[in-house]
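**Student:** This structure is in structure tokens; I'll ask about it shortly.
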Amino acid sequence: MAEGQTDTTGAGLSDPRAPADPTPDTSGFSADPQPVWNGSRPELGEGAAGKPSSPPPPPPPLSSIIKDGSRQRRDRKKTVSFSSMPSDRKISSTAACISFMLEGCEMKKVRSNSRVYNRYFILDSDMRSLRWEPSKKDSDKAKIDIKSIKEVRLGKKTPMLRNNGVSDQFSNECAFSIIYGENYESLDLVASSADIVNTWVMGLRYLVSYGKDTLPVIESSQNSLRLSWLESMFHAADVGTHGHIPLTRAVQLIKGLSPGMKTTKVELKFKELQKAKDKLGTEVTLEIFTEAYCELCTRSEIYFLLVQFSSNKEFLDCKDLMLFLDAEQGMEGLTEEMCLETIRKYEPSQEGQEKGFLSIDGFTNYLLSLECHLFDLQHENVCQDMTQPLSHYYINSSHNACLLEDHFWGSSDINGYIRALKMGCRSIELVVWEGPDNEPLIYAGSLMTVQIPFRTIIDVINQYAFVASQHPLILCLVTRCSVKQQKVMAQHMKKILGDRLHVDPPNPEDNYLPSPDQLKGRILLKGKKLPGNCSDSEADVSDEDEGIEMCQGLAEDGADQLNVPLERKLRLSKELSDLVSYCRSVQFRDFDVSRRNQKYWEICSFNEVVASRIANEYPEDFVIYNKKFLSRIYPSSMRIDASNMNPQDFWKCGCQMVAMNYQTHGLMMDLNIGWFRQNGNCGYVLRPAIMREEVSYFSANAKDSLPGVSAQLLHIKIISGQNLPKPKGSAAKGDVVEPYVYVEIHGIPADCSEQRTKTVTQHDDNPIFDESFEFQINLPELALLRFVVLDDDYIGDEFIAQYTIPFECLQAGYRHVPLQSLTGEFLPHSTLFIHVAVSNRRGGGKSQKRGLSVRKGKKAREYTSTKTVGIKVIDEVFRVATQPLREAMDLRENVQNAMVSFKELCGLTPAANMKQCILTLSSWLLNSDNTVSVTLNLSEQYPSMEAQGPVPDHLRKVLAAYETMIQTSKMLIESADAVYVKIMQAQKAGLDFHGDLHETGSKEGLKGRKLQKAFESFAWNITVLKGQADLLKHAKNEALDNLRQIHYAAQSCGISKSGSTSPDQLRSRGNLESIPESENTSDNVSC
């Protein structure tokens, strides 16, 4: 069927034979992503007469508290406005959801051709049918029988909601669909808020699962675990068994059970309930205590989540929890005992612990625990390869660590060094000046700052050097004292640092610096060094002071613009010079000079202004330079306020040491701190492979996808905030906070982006946002995700909190984000509750660094190809890879497209995993009234899906899409090895020319810019071949993983045939491995 063609039989479409509903809303939706609703009901006959109405008031805030205007009587037929939900009720149980549905509310009904109708939806009193009005249909037709409902989908997950002309005018969180009937038709609805949607979805799912007689049952057994637990807590506090406890004790008890709750909020709730029950006083009864706790401490967004996975809608048993952890949190290898242990750890009630039940309070405790934080705990320890050369790592670096404030007025203090070292800093600057009594001093250059003896600083460094990390510490010496005091410096360092000080000369036979592992526990000095043939006790060396960098030769006509100073000389002591080994400071002139003359143990320092120009004008050369040599970037001397530069501007060029003013808080320092968390906060982070490999192409200023690299899609849903504090120093609005959240991506230019939620004006410190965003990440290894919470104020938005995390440290699924203050301290109990998904990356499991990207629409396939080098013999080698590259992309794209189609027919997003698809299919079958059954034959290597009985049209489409997905996966798995070998053999053949590329190009008559272009095209081709081979390898592994998920899901939901094979047998199939890029690589590729 052609794309966009209407399907009158599939899911997501209404019955084409039914007459059109009257009075469509031809204006569609407002341009605002969330529709604008009227806050009250119109009077009888309003709308029917067609009279113009006054402009609607602003939209009501999203809230977990159900708000209510005046109630509408059911006899009002021609209603066109929307109401919000009752403010006097909080949805904290299934009974409350069904009660709300029995009263009904208005929603928009979406039909084809952009038709939108305002209708009043209500659950019949016998709970057998869902009705809507007004309608020209007979009353018996303007309804859906509950027993005919197959599925209730949250979000825009039907063709009608995805492809409708007005679909982009309402948010995903405000839409849901009811799939019903044997032809899987859909009723597509849009509500005024996510709360209303969640209430209907939860209530309908419960009725579909348990039928009409459930309300009395759940009302009688509702929250039995919670009530018994609260009763025991109350009686424990009721020391004299009086049946009541003092108000102050009740307040403290609730605050103890729900940390972060404000005292005034609890006291106000008690007084409100006491007044409602005419029991004012200083004593609190069990009834009031229980009601207050349930209203204050029930987070509706977590309750809605619990209901989705609970088999009884009130708590999670062991199997429910296992399903949640597996399908949503991405945890593998789960056992029943592991789930029971989790329940025993987080469930507060004794009864729940004994029976293996996780109540709403236990589930909330679990989701707030470290296990469900956004940061992957695997990265709390050193988890990267630490055996690469030192130049292959980003190094956490500080500038003027002695300062506590700015450069001019700021005071100096040893605590600056202690703080930096405890935060994992591995490169510290020491500016040493002439001091009295032959004792050199350290200060920031201003006589107004406190001057600290050099010996004291070295003592502090020796004490704290390896508290946070065992990996090497680099001391950057800037010497401004006499030769006599330089000798004193050397003596202090040798005496205090002892064997920690690395002074062994570098091996000239090596090509790269040692690794961080090889230098564990050692301290390196970065500084000037006398020539090796110098026998004098002192001599002159060039002096590149921090802030006065030499850049002659970078651009012949640019010297004046760069304000290049004249070269100065420094008298240097040989005793101090001999302590410098691997980090000898030299002057940078240009990249050609560095390629010819610079030794691997020599390091250049760059002023940020100069470095920025290099990064903008020569990004590829800067990346290549940093593959072998260390570079240090320090702030411009114009930053007298000690502000910070953006480290990402230089990390993207591979610069290892970007010196930061640790005393200055803000965005730039947040990025630096967040970035270095990803490797156990050891101060070293391995750079992306594309920036380390000897032959690779990477442009730091790329504004599009990278060669051979497939972008990933990051899906973020900001659900709610908890215990958000007032902005520091703010008193303008009292206790009122009106927050909104910025979600920012920091990385290469192609990835930098930001989006924000709406402002929540519900005057609560626990706002509900319920907004989703999507970001394309082209280089995940260099991307940072940052959440910023601000207070919306008409004078100026004020900072509340932030959190910054590397993309590689994200855990997918439902997560809490711990928030930090402006100065970096974690705010007690302040969090954001979010959902994270990365397309084609398993939630919470080991991340696939390269996965299949999900495309939003069908378009002509664009094949990745190699570039012409301009050297005939080399171009012939790369030309051989053209067909394998096309085959590799076809294999990957065919599987990708088939999987997206299957997921959409299952009513899921492209970010869903295969387990969720099979579980969704299983739920359809359980809710089916006819004799159709579907089984998965797991005895086959590629499980087939077989149907028995009359198969509805939509289910037939699902079966066909599944078969296509399995066949394309089979083709990928069985063909990948051969295609992989062809690509890697072409890459190896190309690499054989690398050593003689310059000579070969010269023989072909290439020189100057043409020769440089040939080098770039050669590196591009090598990068493309390796990248496409890696993508094919990951695609095969992902296809095998999908087959394992199908096995596990089919077995867990009981739709597998007996005699099936174990899914673990799929792991025995060979995985593709990359060919090492070395001259000794064997011609035989093991797959």
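Numbering starts fresh at 1 for the residues of each chain in the structure tokens, the chains themselves are lettered A, B, ... in the order given, and ligands are numbered from 1 as they appear.
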Write out as a ChimeraX atom specification each polymer residue whose atoms come within 7 Å of segment 790-793 of chain A, counting only C-alpha atoms; drop sequence neighbours fewer than 4 positions from it.
**Tutor:** /A:737-741,759,797-800
**Student:** If we count only C-alpha atoms and set the cut-off at 8 Å, which residues sit around segment 538-541 of chain A, ignoring sequence neighbours fewer than 3 positions away in its own chain? Please answer as a list in words.
**Tutor:**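 Contacts, in chain order: Val483, Lys528, Lys529, Leu530, Lys569, Leu570, Arg571, Leu572, Ser573 and Lys574 of chain A.
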**Student:** What residues in segment 624-752 of chain A get the DSSP label helix (DSSP H, G or I)? Please answer as a list of chain:residue names.
**Tutor:** A:Ile624, A:Tyr625, A:Asn626, A:Lys627, A:Lys628, A:Gln648, A:Asp649, A:Phe650, A:Trp651, A:Leu667, A:Met668, A:Met669, A:Asp670, A:Leu671, A:Asn672, A:Ile673, A:Gly674, A:Trp675, A:Phe676, A:Arg677, A:Gln678, A:Asn679, A:Ala689, A:Ile690, A:Met691
**Student:** With distances taken over only C-alpha atoms, which of A:Gly333, A:Lys484, A:Lys262, A:Leu513 is nearest to Gln1045 of chain A?
**Tutor:** A:Gly333
**Student:** Can you work out which one of A:Ile1046, A:Val110, A:Ile178, A:Val951 has the shortest atom-to-atom distance to Gln916 of chain A, counting only C-alpha atoms?
**Tutor:**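 Looking at the shortest contact to Gln916 of chain A, the residue is A:Ile1046.
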**Student:** Check the smallest atom-to-atom distance from each of A:Phe807, A:Phe676, A:Trp200, A:Tyr366 to Gln776 of chain A using only C-alpha atoms, then report the winner.
**Tutor:**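 Selected residue with least distance to Gln776 of chain A: A:Phe807.
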**Student:** For segment 459-461 of chain A, list every protein, DNA or RNA residue within 7 Å, evaluated using only C-alpha atoms, and leave out those in the same chain fewer than 4 positions away; present the list as a PyMOL selection string.
**Tutor:** chain A and resi 455+465+496
**Student:** Could you pull out the residues in segment 896-959 of chain A that DSSP calls strand (DSSP E) from the backbone, as a list in words?
**Tutor:**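 Filtering segment 896-959 of chain A down to strand (DSSP E) leaves Ser933, Val934, Thr935, Leu936, Asn937, Ser944, Met945, Glu946, Ala947 and Gln948 of chain A.
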**Student:** May I have a table of the residues of segment 239-341 of chain A lying at most 12 Å from segment 356-362 of chain A, giving each one's closest pair of atoms and their distance in Å to one decimal, counting only C-alpha atoms, ordered by chain and ascending residue number, as JSON lines?
**Tutor:**
```
{"residue": "A:Leu257", "atom": "CA", "partner": "A:Asp361", "partner_atom": "CA", "distance": 9.5}
{"residue": "A:Ser258", "atom": "CA", "partner": "A:Asp361", "partner_atom": "CA", "distance": 9.6}
{"residue": "A:Tyr293", "atom": "CA", "partner": "A:Asp361", "partner_atom": "CA", "distance": 10.8}
{"residue": "A:Cys294", "atom": "CA", "partner": "A:Asp361", "partner_atom": "CA", "distance": 9.9}
{"residue": "A:Cys297", "atom": "CA", "partner": "A:Asp361", "partner_atom": "CA", "distance": 8.4}
{"residue": "A:Thr298", "atom": "CA", "partner": "A:Ile360", "partner_atom": "CA", "distance": 7.7}
{"residue": "A:Arg299", "atom": "CA", "partner": "A:Ile360", "partner_atom": "CA", "distance": 8.7}
{"residue": "A:Ser300", "atom": "CA", "partner": "A:Ile360", "partner_atom": "CA", "distance": 9.8}
{"residue": "A:Glu301", "atom": "CA", "partner": "A:Ile360", "partner_atom": "CA", "distance": 10.8}
{"residue": "A:Ile302", "atom": "CA", "partner": "A:Ile360", "partner_atom": "CA", "distance": 7.6}
{"residue": "A:Tyr303", "atom": "CA", "partner": "A:Ile360", "partner_atom": "CA", "distance": 6.4}
{"residue": "A:Phe304", "atom": "CA", "partner": "A:Ile360", "partner_atom": "CA", "distance": 10.0}
{"residue": "A:Leu305", "atom": "CA", "partner": "A:Ile360", "partner_atom": "CA", "distance": 9.8}
{"residue": "A:Leu306", "atom": "CA", "partner": "A:Ile360", "partner_atom": "CA", "distance": 7.1}
{"residue": "A:Val307", "atom": "CA", "partner": "A:Ile360", "partner_atom": "CA", "distance": 9.5}
{"residue": "A:Phe309", "atom": "CA", "partner": "A:Leu358", "partner_atom": "CA", "distance": 11.6}
{"residue": "A:Ser310", "atom": "CA", "partner": "A:Leu358", "partner_atom": "CA", "distance": 9.7}
{"residue": "A:Ser311", "atom": "CA", "partner": "A:Phe357", "partner_atom": "CA", "distance": 11.2}
{"residue": "A:Asn312", "atom": "CA", "partner": "A:Phe357", "partner_atom": "CA", "distance": 10.9}
{"residue": "A:Lys313", "atom": "CA", "partner": "A:Ser359", "partner_atom": "CA", "distance": 10.2}
{"residue": "A:Glu314", "atom": "CA", "partner": "A:Ser359", "partner_atom": "CA", "distance": 7.1}
{"residue": "A:Phe315", "atom": "CA", "partner": "A:Ser359", "partner_atom": "CA", "distance": 4.6}
{"residue": "A:Leu316", "atom": "CA", "partner": "A:Leu358", "partner_atom": "CA", "distance": 5.0}
{"residue": "A:Asp317", "atom": "CA", "partner": "A:Phe357", "partner_atom": "CA", "distance": 4.7}
{"residue": "A:Cys318", "atom": "CA", "partner": "A:Gly356", "partner_atom": "CA", "distance": 6.2}
{"residue": "A:Lys319", "atom": "CA", "partner": "A:Gly356", "partner_atom": "CA", "distance": 9.8}
{"residue": "A:Asp320", "atom": "CA", "partner": "A:Leu358", "partner_atom": "CA", "distance": 9.4}
{"residue": "A:Leu321", "atom": "CA", "partner": "A:Leu358", "partner_atom": "CA", "distance": 8.1}
{"residue": "A:Met322", "atom": "CA", "partner": "A:Leu358", "partner_atom": "CA", "distance": 11.5}
{"residue": "A:Glu336", "atom": "CA", "partner": "A:Gly356", "partner_atom": "CA", "distance": 10.1}
{"residue": "A:Glu337", "atom": "CA", "partner": "A:Gly356", "partner_atom": "CA", "distance": 10.1}
{"residue": "A:Met338", "atom": "CA", "partner": "A:Gly356", "partner_atom": "CA", "distance": 11.3}
{"residue": "A:Cys339", "atom": "CA", "partner": "A:Gly356", "partner_atom": "CA", "distance": 8.6}
{"residue": "A:Leu340", "atom": "CA", "partner": "A:Gly356", "partner_atom": "CA", "distance": 6.0}
{"residue": "A:Glu341", "atom": "CA", "partner": "A:Gly356", "partner_atom": "CA", "distance": 8.9}
```
**Student:** Could you work out how far atom CA of Arg687 of chain A lies from atom CA of Lys422 of chain A, giving the answer in Å with one decimal?
**Tutor:**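 Atom CA of Lys422 of chain A sits 22.8 Å away from atom CA of Arg687 of chain A.
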